[in-house]
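Student: My file is work03.pdb. It has PDB, C-alpha atoms, pLDDT in the B column:
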ATOM      1  CA  MET X1235      23.399  17.741 -34.245  1.00 71.00           C
ATOM      2  CA  VAL X1236      24.559  18.661 -30.764  1.00 77.00           C
ATOM      3  CA  ALA X1237      26.937  15.694 -30.474  1.00 77.00           C
ATOM      4  CA  THR X1238      28.748  16.578 -33.712  1.00 83.00           C
ATOM      5  CA  ALA X1239      28.973  20.244 -32.776  1.00 83.00           C
ATOM      6  CA  LEU X1240      30.291  19.399 -29.308  1.00 82.00           C
ATOM      7  CA  VAL X1241      33.005  17.097 -30.667  1.00 82.00           C
ATOM      8  CA  ALA X1242      34.004  19.763 -33.193  1.00 85.00           C
ATOM      9  CA  ALA X1243      34.125  22.470 -30.515  1.00 86.00           C
ATOM     10  CA  ILE X1244      36.222  20.399 -28.092  1.00 82.00           C
ATOM     11  CA  SER X1245      38.588  19.275 -30.844  1.00 82.00           C
ATOM     12  CA  LEU X1246      39.031  22.815 -32.169  1.00 83.00           C
ATOM     13  CA  PHE X1247      39.615  24.257 -28.711  1.00 83.00           C
ATOM     14  CA  CYS X1248      42.208  21.608 -27.800  1.00 82.00           C
ATOM     15  CA  PHE X1249      43.847  21.847 -31.220  1.00 78.00           C
ATOM     16  CA  GLU X1250      44.418  25.564 -30.741  1.00 79.00           C
ATOM     17  CA  LEU X1251      46.100  25.049 -27.369  1.00 77.00           C
ATOM     18  CA  PRO X1252      49.905  24.925 -27.548  1.00 76.00           C
ATOM     19  CA  HIS X1253      51.539  21.629 -26.531  1.00 75.00           C
ATOM     20  CA  VAL X1254      48.254  20.012 -25.584  1.00 77.00           C
ATOM     21  CA  ASN X1255      48.474  16.623 -23.896  1.00 79.00           C
ATOM     22  CA  PRO X1256      46.507  13.819 -25.653  1.00 79.00           C
ATOM     23  CA  THR X1257      45.338  12.640 -22.229  1.00 78.00           C
ATOM     24  CA  THR X1258      43.779  16.052 -21.599  1.00 83.00           C
ATOM     25  CA  VAL X1259      42.021  15.898 -24.965  1.00 83.00           C
ATOM     26  CA  ALA X1260      40.699  12.403 -24.247  1.00 82.00           C
ATOM     27  CA  LEU X1261      39.341  13.493 -20.866  1.00 81.00           C
ATOM     28  CA  ALA X1262      37.686  16.578 -22.388  1.00 85.00           C
ATOM     29  CA  LEU X1263      36.016  14.470 -25.077  1.00 84.00           C
ATOM     30  CA  LEU X1264      34.961  11.902 -22.471  1.00 82.00           C
ATOM     31  CA  LEU X1265      33.295  14.634 -20.399  1.00 83.00           C
ATOM     32  CA  GLY X1266      31.387  15.709 -23.510  1.00 84.00           C
ATOM     33  CA  VAL X1267      30.241  12.129 -24.094  1.00 82.00           C
ATOM     34  CA  LEU X1268      29.020  11.864 -20.495  1.00 80.00           C
ATOM     35  CA  TYR X1269      27.092  15.120 -20.824  1.00 81.00           C
ATOM     36  CA  VAL X1270      25.386  13.966 -24.017  1.00 81.00           C
ATOM     37  CA  SER X1271      24.599  10.567 -22.499  1.00 78.00           C
ATOM     38  CA  ALA X1272      22.981  12.153 -19.458  1.00 75.00           C
ATOM     39  CA  ALA X1273      20.974  14.605 -21.564  1.00 76.00           C
ATOM     40  CA  TRP X1274      19.957  12.595 -24.662  1.00 78.00           C
ATOM     41  CA  GLY X1275      20.520   8.911 -23.999  1.00 76.00           C
ATOM     42  CA  LEU X1276      22.695   6.005 -25.028  1.00 76.00           C
ATOM     43  CA  LYS X1277      22.254   5.964 -28.818  1.00 80.00           C
ATOM     44  CA  ILE X1278      23.454   9.525 -29.331  1.00 81.00           C
ATOM     45  CA  SER X1279      26.290   9.067 -26.861  1.00 80.00           C
ATOM     46  CA  ILE X1280      27.545   5.956 -28.716  1.00 81.00           C
ATOM     47  CA  TYR X1281      27.496   7.947 -31.957  1.00 83.00           C
ATOM     48  CA  MET X1282      29.428  10.722 -30.225  1.00 83.00           C
ATOM     49  CA  SER X1283      31.910   8.199 -28.770  1.00 83.00           C
ATOM     50  CA  ALA X1284      32.742   6.880 -32.258  1.00 84.00           C
ATOM     51  CA  LEU X1285      32.984  10.417 -33.659  1.00 85.00           C
ATOM     52  CA  ALA X1286      35.176  11.534 -30.752  1.00 85.00           C
ATOM     53  CA  ALA X1287      37.482   8.532 -31.288  1.00 83.00           C
ATOM     54  CA  LEU X1288      37.885   9.479 -34.965  1.00 84.00           C
ATOM     55  CA  ALA X1289      38.591  13.123 -34.073  1.00 85.00           C
ATOM     56  CA  PHE X1290      41.045  12.080 -31.365  1.00 81.00           C
ATOM     57  CA  ASN X1291      42.894   9.862 -33.834  1.00 79.00           C
ATOM     58  CA  PHE X1292      42.856  12.404 -36.668  1.00 82.00           C
ATOM     59  CA  PHE X1293      44.025  15.465 -34.750  1.00 82.00           C
ATOM     60  CA  PHE X1294      45.932  14.258 -31.706  1.00 80.00           C
ATOM     61  CA  LEU X1295      47.595  10.905 -32.499  1.00 76.00           C
ATOM     62  CA  PRO X1296      50.591  10.713 -34.847  1.00 76.00           C
ATOM     63  CA  PRO X1297      50.756  10.814 -37.813  1.00 77.00           C
ATOM     64  CA  TYR X1298      48.551  13.909 -37.467  1.00 74.00           C
ATOM     65  CA  GLY X1299      45.919  14.737 -40.080  1.00 75.00           C
ATOM     66  CA  THR X1300      45.270  11.097 -41.047  1.00 74.00           C
ATOM     67  CA  LEU X1301      43.328   8.179 -39.668  1.00 71.00           C
ATOM     68  CA  THR X1302      46.461   6.022 -39.740  1.00 71.00           C
ATOM     69  CA  ILE X1303      47.995   4.974 -36.415  1.00 69.00           C
ATOM     70  CA  ALA X1304      51.726   4.501 -36.541  1.00 64.00           C
ATOM     71  CA  GLU X1305      52.499   3.147 -33.067  1.00 69.00           C
ATOM     72  CA  SER X1306      50.912   0.177 -31.366  1.00 69.00           C
ATOM     73  CA  GLN X1307      50.592   2.040 -28.087  1.00 70.00           C
ATOM     74  CA  ASN X1308      48.367   4.572 -29.827  1.00 68.00           C
ATOM     75  CA  TRP X1309      46.084   1.719 -30.883  1.00 75.00           C
ATOM     76  CA  VAL X1310      45.816   0.840 -27.204  1.00 75.00           C
ATOM     77  CA  ALA X1311      45.143   4.470 -26.286  1.00 72.00           C
ATOM     78  CA  LEU X1312      42.448   4.821 -28.938  1.00 73.00           C
ATOM     79  CA  GLY X1313      40.823   1.521 -28.022  1.00 78.00           C
ATOM     80  CA  ALA X1314      40.875   2.382 -24.329  1.00 78.00           C
ATOM     81  CA  PHE X1315      39.283   5.765 -25.053  1.00 77.00           C
ATOM     82  CA  LEU X1316      36.504   4.221 -27.133  1.00 78.00           C
ATOM     83  CA  VAL X1317      35.747   1.475 -24.596  1.00 81.00           C
ATOM     84  CA  THR X1318      35.791   3.971 -21.718  1.00 80.00           C
ATOM     85  CA  ALA X1319      33.486   6.359 -23.557  1.00 80.00           C
ATOM     86  CA  ILE X1320      30.929   3.654 -24.408  1.00 81.00           C
ATOM     87  CA  THR X1321      31.085   2.142 -20.901  1.00 81.00           C
ATOM     88  CA  ALA X1322      30.653   5.547 -19.290  1.00 78.00           C
ATOM     89  CA  SER X1323      27.730   6.251 -21.636  1.00 78.00           C
ATOM     90  CA  ARG X1324      26.084   2.996 -20.647  1.00 81.00           C
ATOM     91  CA  LEU X1325      26.510   3.739 -16.948  1.00 81.00           C
ATOM     92  CA  ALA X1326      25.124   7.243 -17.403  1.00 79.00           C
ATOM     93  CA  GLU X1327      22.132   5.826 -19.289  1.00 79.00           C
ATOM     94  CA  LEU X1328      21.488   3.305 -16.483  1.00 83.00           C
ATOM     95  CA  ALA X1329      21.603   6.096 -13.900  1.00 81.00           C
ATOM     96  CA  ARG X1330      19.243   8.155 -16.051  1.00 80.00           C
ATOM     97  CA  GLN X1331      16.833   5.222 -16.376  1.00 82.00           C
ATOM     98  CA  GLU X1332      16.920   4.550 -12.634  1.00 84.00           C
ATOM     99  CA  ALA X1333      16.159   8.208 -11.963  1.00 82.00           C
ATOM    100  CA  ARG X1334      13.169   8.045 -14.339  1.00 82.00           C
ATOM    101  CA  ASP X1335      11.922   4.853 -12.685  1.00 82.00           C
ATOM    102  CA  ALA X1336      12.303   6.380  -9.226  1.00 83.00           C
ATOM    103  CA  ASN X1337      10.332   9.460 -10.280  1.00 84.00           C
ATOM    104  CA  ARG X1338       7.639   7.286 -11.843  1.00 81.00           C
ATOM    105  CA  ARG X1339       7.326   5.195  -8.678  1.00 82.00           C
ATOM    106  CA  ARG X1340       7.172   8.339  -6.550  1.00 83.00           C
ATOM    107  CA  ARG X1341       4.374   9.755  -8.705  1.00 82.00           C
ATOM    108  CA  GLU X1342       2.482   6.465  -8.515  1.00 79.00           C
ATOM    109  CA  VAL X1343       2.766   6.418  -4.717  1.00 80.00           C
ATOM    110  CA  GLU X1344       1.484   9.999  -4.536  1.00 80.00           C
ATOM    111  CA  ARG X1345      -1.443   9.147  -6.825  1.00 79.00           C
ATOM    112  CA  LEU X1346      -2.155   5.972  -4.854  1.00 78.00           C
ATOM    113  CA  TYR X1347      -2.316   8.021  -1.660  1.00 79.00           C
ATOM    114  CA  ALA X1348      -4.711  10.511  -3.268  1.00 77.00           C
ATOM    115  CA  PHE X1349      -6.847   7.642  -4.587  1.00 76.00           C
ATOM    116  CA  THR X1350      -6.961   6.085  -1.113  1.00 75.00           C
ATOM    117  CA  GLN X1351      -8.248   9.333   0.355  1.00 73.00           C
ATOM    118  CA  GLN X1352     -10.952   9.545  -2.304  1.00 71.00           C
ATOM    119  CA  LEU X1353     -12.202   6.049  -1.458  1.00 72.00           C
ATOM    120  CA  LEU X1354     -13.034   7.191   2.069  1.00 67.00           C
ATOM    121  CA  VAL X1355     -15.425   9.990   1.103  1.00 64.00           C
ATOM    122  CA  SER X1356     -18.144   7.890  -0.554  1.00 61.00           C
ATOM    123  CA  GLY X1357     -21.432   7.838   1.323  1.00 58.00           C
ATOM    124  CA  ASN X1358     -22.773   4.427   0.297  1.00 62.00           C
ATOM    125  CA  MET X1359     -21.937   1.288  -1.638  1.00 64.00           C
ATOM    126  CA  GLY X1360     -23.651   2.313  -4.878  1.00 65.00           C
ATOM    127  CA  GLU X1361     -21.897   5.660  -4.945  1.00 72.00           C
ATOM    128  CA  LEU X1362     -18.557   3.998  -4.207  1.00 72.00           C
ATOM    129  CA  LEU X1363     -18.791   1.399  -6.979  1.00 74.00           C
ATOM    130  CA  ASN X1364     -19.903   3.904  -9.618  1.00 77.00           C
ATOM    131  CA  SER X1365     -17.217   6.413  -8.657  1.00 79.00           C
ATOM    132  CA  ILE X1366     -14.217   4.050  -8.561  1.00 81.00           C
ATOM    133  CA  PRO X1367     -13.514   4.028 -12.359  1.00 83.00           C
ATOM    134  CA  ARG X1368     -13.801   7.826 -12.552  1.00 84.00           C
ATOM    135  CA  ARG X1369     -11.461   8.274  -9.606  1.00 83.00           C
ATOM    136  CA  MET X1370      -9.001   5.812 -11.134  1.00 83.00           C
ATOM    137  CA  VAL X1371      -8.952   7.823 -14.377  1.00 84.00           C
ATOM    138  CA  GLU X1372      -8.522  11.122 -12.536  1.00 82.00           C
ATOM    139  CA  SER X1373      -5.874   9.902 -10.082  1.00 82.00           C
ATOM    140  CA  PHE X1374      -3.669   7.992 -12.546  1.00 82.00           C
ATOM    141  CA  GLU X1375      -4.383   9.990 -15.748  1.00 82.00           C
ATOM    142  CA  LEU X1376      -5.918   7.038 -17.603  1.00 85.00           C
ATOM    143  CA  ASP X1377      -8.095   6.934 -20.696  1.00 86.00           C
ATOM    144  CA  ASP X1378     -10.555   4.405 -19.300  1.00 86.00           C
ATOM    145  CA  ALA X1379     -11.084   2.180 -16.263  1.00 87.00           C
ATOM    146  CA  ALA X1380     -13.555  -0.582 -15.460  1.00 88.00           C
ATOM    147  CA  LEU X1381     -14.293  -2.634 -12.353  1.00 87.00           C
ATOM    148  CA  PHE X1382     -16.053  -6.008 -12.283  1.00 88.00           C
ATOM    149  CA  LEU X1383     -17.383  -7.452  -9.004  1.00 84.00           C
ATOM    150  CA  ALA X1384     -18.534 -11.032  -8.621  1.00 82.00           C
ATOM    151  CA  ALA X1385     -20.906 -10.104  -5.778  1.00 77.00           C
ATOM    152  CA  THR X1386     -23.041  -7.900  -8.037  1.00 80.00           C
ATOM    153  CA  ASN X1387     -22.057  -9.519 -11.371  1.00 84.00           C
ATOM    154  CA  GLU X1388     -21.831  -6.027 -12.874  1.00 85.00           C
ATOM    155  CA  VAL X1389     -19.158  -3.971 -14.665  1.00 86.00           C
ATOM    156  CA  TYR X1390     -18.703  -0.402 -13.438  1.00 85.00           C
ATOM    157  CA  ARG X1391     -17.142   1.887 -16.049  1.00 85.00           C
ATOM    158  CA  PHE X1392     -15.676   5.364 -16.326  1.00 81.00           C
ATOM    159  CA  ALA X1393     -17.732   6.072 -19.452  1.00 72.00           C
ATOM    160  CA  PRO X1394     -20.761   3.816 -20.054  1.00 66.00           C
ATOM    161  CA  ASP X1395     -20.587   4.335 -23.826  1.00 62.00           C
ATOM    162  CA  VAL X1396     -16.901   3.281 -24.050  1.00 60.00           C
ATOM    163  CA  ARG X1397     -16.073  -0.406 -24.403  1.00 65.00           C
ATOM    164  CA  SER X1398     -12.285  -0.456 -24.669  1.00 69.00           C
ATOM    165  CA  LEU X1399     -12.230  -2.813 -21.666  1.00 82.00           C
ATOM    166  CA  ASP X1400     -14.234  -5.872 -22.571  1.00 82.00           C
ATOM    167  CA  ALA X1401     -16.506  -7.331 -19.894  1.00 84.00           C
ATOM    168  CA  ASP X1402     -15.633 -10.893 -20.916  1.00 87.00           C
ATOM    169  CA  ARG X1403     -11.936 -10.132 -20.421  1.00 87.00           C
ATOM    170  CA  LEU X1404     -12.662  -8.762 -16.959  1.00 87.00           C
ATOM    171  CA  ARG X1405     -14.569 -11.908 -16.010  1.00 88.00           C
ATOM    172  CA  ALA X1406     -11.839 -14.134 -17.459  1.00 88.00           C
ATOM    173  CA  VAL X1407      -9.124 -12.319 -15.474  1.00 87.00           C
ATOM    174  CA  MET X1408     -11.148 -12.759 -12.293  1.00 87.00           C
ATOM    175  CA  ALA X1409     -11.639 -16.452 -13.050  1.00 87.00           C
ATOM    176  CA  ARG X1410      -7.909 -17.043 -13.687  1.00 88.00           C
ATOM    177  CA  GLY X1411      -6.757 -14.809 -10.856  1.00 84.00           C
ATOM    178  CA  GLU X1412      -3.688 -13.633 -12.804  1.00 86.00           C
ATOM    179  CA  PRO X1413      -2.798 -10.150 -14.141  1.00 86.00           C
ATOM    180  CA  VAL X1414      -2.735  -9.541 -17.905  1.00 86.00           C
ATOM    181  CA  VAL X1415      -0.691  -6.696 -19.448  1.00 86.00           C
ATOM    182  CA  GLU X1416      -0.841  -5.782 -23.152  1.00 86.00           C
ATOM    183  CA  SER X1417       1.841  -3.122 -23.538  1.00 83.00           C
ATOM    184  CA  ALA X1418       1.246  -2.661 -27.274  1.00 83.00           C
ATOM    185  CA  LYS X1419      -2.397  -1.699 -26.635  1.00 83.00           C
ATOM    186  CA  ASN X1420      -1.746   0.078 -23.297  1.00 84.00           C
ATOM    187  CA  LEU X1421      -4.157  -2.302 -21.571  1.00 87.00           C
ATOM    188  CA  ALA X1422      -3.800  -3.946 -18.169  1.00 88.00           C
ATOM    189  CA  PHE X1423      -6.110  -6.237 -16.176  1.00 90.00           C
ATOM    190  CA  MET X1424      -5.641  -7.083 -12.510  1.00 87.00           C
ATOM    191  CA  PRO X1425      -7.667  -9.459 -10.271  1.00 87.00           C
ATOM    192  CA  VAL X1426      -9.120  -7.832  -7.155  1.00 85.00           C
ATOM    193  CA  ARG X1427      -8.464 -10.052  -4.125  1.00 83.00           C
ATOM    194  CA  MET X1428      -9.580 -10.112  -0.541  1.00 77.00           C
ATOM    195  CA  GLY X1429      -6.824 -12.191   0.987  1.00 73.00           C
ATOM    196  CA  VAL X1430      -6.587 -15.304  -1.175  1.00 76.00           C
ATOM    197  CA  ARG X1431     -10.158 -14.950  -2.452  1.00 80.00           C
ATOM    198  CA  THR X1432     -10.694 -13.228  -5.818  1.00 83.00           C
ATOM    199  CA  VAL X1433     -13.732 -10.969  -5.623  1.00 83.00           C
ATOM    200  CA  GLY X1434     -13.477  -9.144  -8.954  1.00 85.00           C
ATOM    201  CA  SER X1435     -11.137  -7.624 -11.521  1.00 88.00           C
ATOM    202  CA  LEU X1436      -9.914  -4.199 -12.596  1.00 88.00           C
ATOM    203  CA  GLY X1437      -9.055  -3.034 -16.117  1.00 88.00           C
ATOM    204  CA  ILE X1438      -7.273   0.140 -17.215  1.00 87.00           C
ATOM    205  CA  SER X1439      -6.273   1.614 -20.577  1.00 87.00           C
ATOM    206  CA  GLY X1440      -4.275   4.575 -21.853  1.00 82.00           C
ATOM    207  CA  THR X1441      -1.432   4.616 -19.336  1.00 77.00           C
ATOM    208  CA  LEU X1442       0.290   1.535 -17.965  1.00 78.00           C
ATOM    209  CA  ILE X1443       0.806   1.372 -14.209  1.00 81.00           C
ATOM    210  CA  SER X1444       3.298  -0.926 -12.517  1.00 80.00           C
ATOM    211  CA  LEU X1445       1.955  -4.284 -11.375  1.00 80.00           C
ATOM    212  CA  GLN X1446       2.848  -3.442  -7.766  1.00 81.00           C
ATOM    213  CA  THR X1447       0.672  -0.322  -7.886  1.00 82.00           C
ATOM    214  CA  LEU X1448      -2.156  -2.212  -9.590  1.00 82.00           C
ATOM    215  CA  GLU X1449      -2.001  -4.892  -6.887  1.00 83.00           C
ATOM    216  CA  ALA X1450      -2.138  -2.189  -4.217  1.00 82.00           C
ATOM    217  CA  VAL X1451      -5.134  -0.590  -5.954  1.00 82.00           C
ATOM    218  CA  GLY X1452      -6.885  -3.966  -6.127  1.00 80.00           C
ATOM    219  CA  THR X1453      -6.291  -4.567  -2.428  1.00 80.00           C
ATOM    220  CA  LEU X1454      -7.589  -1.091  -1.555  1.00 80.00           C
ATOM    221  CA  LEU X1455     -10.708  -1.643  -3.655  1.00 79.00           C
ATOM    222  CA  SER X1456     -11.477  -4.963  -1.996  1.00 76.00           C
ATOM    223  CA  ILE X1457     -10.960  -3.439   1.458  1.00 76.00           C
ATOM    224  CA  ALA X1458     -13.191  -0.467   0.606  1.00 73.00           C
ATOM    225  CA  VAL X1459     -15.956  -2.718  -0.749  1.00 71.00           C
ATOM    226  CA  GLU X1460     -15.783  -5.026   2.290  1.00 72.00           C
ATOM    227  CA  ARG X1461     -15.795  -2.007   4.608  1.00 67.00           C
ATOM    228  CA  PHE X1462     -18.930  -0.545   3.068  1.00 60.00           C
ATOM    229  CA  SER X1463     -20.582  -3.975   2.993  1.00 59.00           C
ATOM    230  CA  ALA X1464     -19.845  -4.408   6.690  1.00 59.00           C
ATOM    231  CA  LEU X1465     -21.132  -0.906   7.474  1.00 55.00           C
ATOM    232  CA  GLU X1466     -24.327  -1.502   5.524  1.00 55.00           C
ATOM    233  CA  ALA X1467     -24.848  -4.882   7.214  1.00 55.00           C
ATOM    234  CA  LEU X1468     -24.242  -3.261  10.595  1.00 54.00           C
ATOM    235  CA  GLY X1469     -26.719  -0.499   9.747  1.00 55.00           C
ATOM    236  CA  LYS X1470     -29.359  -3.013   8.715  1.00 58.00           C
ATOM    237  CA  ALA X1471     -28.782  -5.052  11.878  1.00 58.00           C
ATOM    238  CA  GLU X1472     -29.094  -1.927  14.022  1.00 61.00           C
ATOM    239  CA  ALA X1473     -32.265  -0.909  12.186  1.00 53.00           C
ATOM    240  CA  ALA X1474     -33.711  -4.382  12.786  1.00 58.00           C
ATOM    241  CA  ARG X1475     -32.929  -4.152  16.516  1.00 68.00           C
ATOM    242  CA  GLU X1476     -34.542  -0.722  16.722  1.00 62.00           C
ATOM    243  CA  GLU X1477     -37.593  -2.090  14.949  1.00 63.00           C
ATOM    244  CA  ASP X1478     -37.799  -4.968  17.440  1.00 66.00           C
ATOM    245  CA  ARG X1479     -37.480  -2.567  20.386  1.00 70.00           C
ATOM    246  CA  LEU X1480     -40.189  -0.330  18.949  1.00 65.00           C
ATOM    247  CA  ARG X1481     -42.486  -3.318  18.375  1.00 67.00           C
ATOM    248  CA  THR X1482     -41.880  -4.533  21.909  1.00 68.00           C
ATOM    249  CA  ALA X1483     -42.613  -1.078  23.310  1.00 64.00           C
ATOM    250  CA  LEU X1484     -45.847  -0.844  21.350  1.00 64.00           C
ATOM    251  CA  LEU X1485     -46.978  -4.274  22.498  1.00 57.00           C
TER     252      LEU X1485
END
Using the file provided, produce a representation of the structure as structure tokens.
Tutor:
Amino acid sequence: MVATALVAAISLFCFELPHVNPTTVALALLLGVLYVSAAWGLKISIYMSALAALAFNFFFLPPYGTLTIAESQNWVALGAFLVTAITASRLAELARQEARDANRRRREVERLYAFTQQLLVSGNMGELLNSIPRRMVESFELDDAALFLAATNEVYRFAPDVRSLDADRLRAVMARGEPVVESAKNLAFMPVRMGVRTVGSLGISGTLISLQTLEAVGTLLSIAVERFSALEALGKAEAAREEDRLRTALL
């Protein structure tokens, strides 16, 4: 294991140095713990902290070559080293987790932007509704996606022969108006709202997306559907006016 080898290497190097200061050894071991924590996480770094404390006691605190501590101040030194190592490991793990979360949020924003662009290229309402699940799967690297709309009372799916997202669940989520996340099954359901009015629901499986991103996707979907509905209504109204003008001209 890397942690064991690193403790052994640092201890051997410091042990070979003439008149080495225990403080220098403690700092060298602490740097090793921080490196392991940043690279492999908290569990391994805690193991390395305990191992480093044992090595520090055995080789560099009198009486040397034993795990016995003769002076009370050395107990304080050893305890301070162990607490510092574990605390530093925890802080490094938190920084590592925050960096992962920041990268995940950045990727979700980039995918949300790409998904938004794709919503604008559909030519009509039918094409839009049938393409939304496929574009969700492609943009967010999902296994499956399904959209239910109350206006049409239909479920639009990525793969018609796949039923990992139950239609009854989609209708129930729309009726309740609250998101449902099942982390163990990698399933998430989100109501699609237009303002305060719930117009449908969205279900995804395979990869969990943050609730904030799912809410943004739901808002985009409702806006896109309303936009195409308005455009189609406007087109029909314009066609009706043209028909009236033509009829008037013929008369």
Student: Quick one: residues within 9 Å of Ala1284 (chain X), only C-alpha atoms counted, chain neighbours fewer than 6 positions away excluded, as a ChimeraX atom specification?
Tutor: /X:1316,1319-1320
Student: Mind dumping the selected residues with C-alpha atoms as a PDB file, in the coordinates of the input?
Tutor:
ATOM      1  CA  LEU X1316      36.504   4.221 -27.133  1.00 78.00           C
ATOM      2  CA  ALA X1319      33.486   6.359 -23.557  1.00 80.00           C
ATOM      3  CA  ILE X1320      30.929   3.654 -24.408  1.00 81.00           C
TER       4      ILE X1320
END
Student: Which residue, X:Ser1439, X:Phe1374, X:Met1235, X:Ala1314, has the smallest gap to Val1343 (chain X) when you use only C-alpha atoms?
Tutor: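 Once distances to Val1343 (chain X) are computed over only C-alpha atoms, the minimum belongs to X:Phe1374.
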Student: List the spatial neighbours of region 1323-1338 of chain X as an NGL selection string - criterion: any atom at most 6 Å away, only C-alpha atoms, same-chain residues fewer than 3 positions off excluded.
Tutor: :X and (1268 or 1271-1272 or 1275-1276 or 1320 or 1341)
Student: Padding 4 Å on every side, please: axis-aligned box over the listed atoms of region 1258-1277 of chain X, centre and edge lengths to one decimal in Å, as AutoDock Vina command-line options.
Tutor:
--center_x 31.9 --center_y 11.3 --center_z -24.1 --size_x 31.8 --size_y 18.6 --size_z 17.4
Student: Excluding same-chain residues fewer than 2 positions from Val1241 (chain X), what lies within 12 Å of it counting only C-alpha atoms, as a ChimeraX atom specification?
Tutor: /X:1235-1239,1243-1249,1259-1260,1262-1267,1269-1270,1279,1281-1290,1293
Student: By how many Å are CA of Tyr1390 (chain X) and CA of Arg1339 (chain X) apart?
Tutor: 27.0 Å
Student: Between CA of Thr1453 (chain X) and CA of Gly1429 (chain X), what distance in Å does the model show, to one decimal?
Tutor: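 Computed distance, CA of Thr1453 (chain X) to CA of Gly1429 (chain X), equals 8.4 Å.
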Student: CA of Leu1362 (chain X) and CA of Leu1442 (chain X), how far apart in Å?
Tutor: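 Atom-to-atom, CA of Leu1442 (chain X) to CA of Leu1362 (chain X), that is 23.5 Å.
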Student: Could you list, as a PyMOL selection string, every residue within 9 Å of Ser1365 (chain X), counting all atoms listed in the file and ignoring same-chain residues fewer than 6 positions away?
Tutor: chain X and resi 1353+1356+1390-1392
Student: Report as a ChimeraX atom specification all protein, DNA and RNA residues lying within 12 Å of Pro1425 (chain X), evaluated on all atoms listed in the file, omitting residues in the same chain fewer than 2 positions from it.
Tutor: /X:1380-1384,1403-1415,1422-1423,1427-1438,1445,1448-1453,1455-1456
Student: Complete the atom set of region 1372-1387 of chain X to N, CA and C atoms and return it as a short mmCIF file (atom, residue, chain, number, x, y, z; two decimals), keeping the file's coordinate frame.
Tutor:
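Written out: result.cif:
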data_model
loop_
_atom_site.label_atom_id
_atom_site.label_comp_id
_atom_site.auth_asym_id
_atom_site.auth_seq_id
_atom_site.Cartn_x
_atom_site.Cartn_y
_atom_site.Cartn_z
N GLU X 1372 -9.00 9.82 -12.98
CA GLU X 1372 -8.52 11.12 -12.54
C GLU X 1372 -7.21 11.02 -11.76
N SER X 1373 -7.06 10.01 -10.93
CA SER X 1373 -5.87 9.90 -10.08
C SER X 1373 -4.65 9.48 -10.87
N PHE X 1374 -4.82 8.56 -11.83
CA PHE X 1374 -3.67 7.99 -12.55
C PHE X 1374 -3.58 8.45 -14.00
N GLU X 1375 -4.42 9.43 -14.39
CA GLU X 1375 -4.38 9.99 -15.75
C GLU X 1375 -4.56 8.91 -16.81
N LEU X 1376 -5.62 8.13 -16.67
CA LEU X 1376 -5.92 7.04 -17.60
C LEU X 1376 -6.90 7.51 -18.66
N ASP X 1377 -7.06 6.69 -19.69
CA ASP X 1377 -8.10 6.93 -20.70
C ASP X 1377 -9.42 6.29 -20.30
N ASP X 1378 -9.34 5.12 -19.68
CA ASP X 1378 -10.56 4.40 -19.30
C ASP X 1378 -10.22 3.46 -18.15
N ALA X 1379 -11.23 3.13 -17.36
CA ALA X 1379 -11.08 2.18 -16.26
C ALA X 1379 -12.41 1.48 -16.07
N ALA X 1380 -12.35 0.20 -15.68
CA ALA X 1380 -13.56 -0.58 -15.46
C ALA X 1380 -13.32 -1.54 -14.30
N LEU X 1381 -14.35 -1.75 -13.51
CA LEU X 1381 -14.29 -2.63 -12.35
C LEU X 1381 -15.42 -3.66 -12.46
N PHE X 1382 -15.06 -4.94 -12.31
CA PHE X 1382 -16.05 -6.01 -12.28
C PHE X 1382 -16.04 -6.64 -10.90
N LEU X 1383 -17.24 -6.81 -10.31
CA LEU X 1383 -17.38 -7.45 -9.00
C LEU X 1383 -18.26 -8.68 -9.13
N ALA X 1384 -17.77 -9.79 -8.56
CA ALA X 1384 -18.53 -11.03 -8.62
C ALA X 1384 -19.79 -10.94 -7.77
N ALA X 1385 -19.76 -10.17 -6.68
CA ALA X 1385 -20.91 -10.10 -5.78
C ALA X 1385 -22.13 -9.51 -6.46
N THR X 1386 -21.92 -8.53 -7.32
CA THR X 1386 -23.04 -7.90 -8.04
C THR X 1386 -23.17 -8.38 -9.47
N ASN X 1387 -22.10 -9.05 -9.98
CA ASN X 1387 -22.06 -9.52 -11.37
C ASN X 1387 -22.26 -8.36 -12.36
#
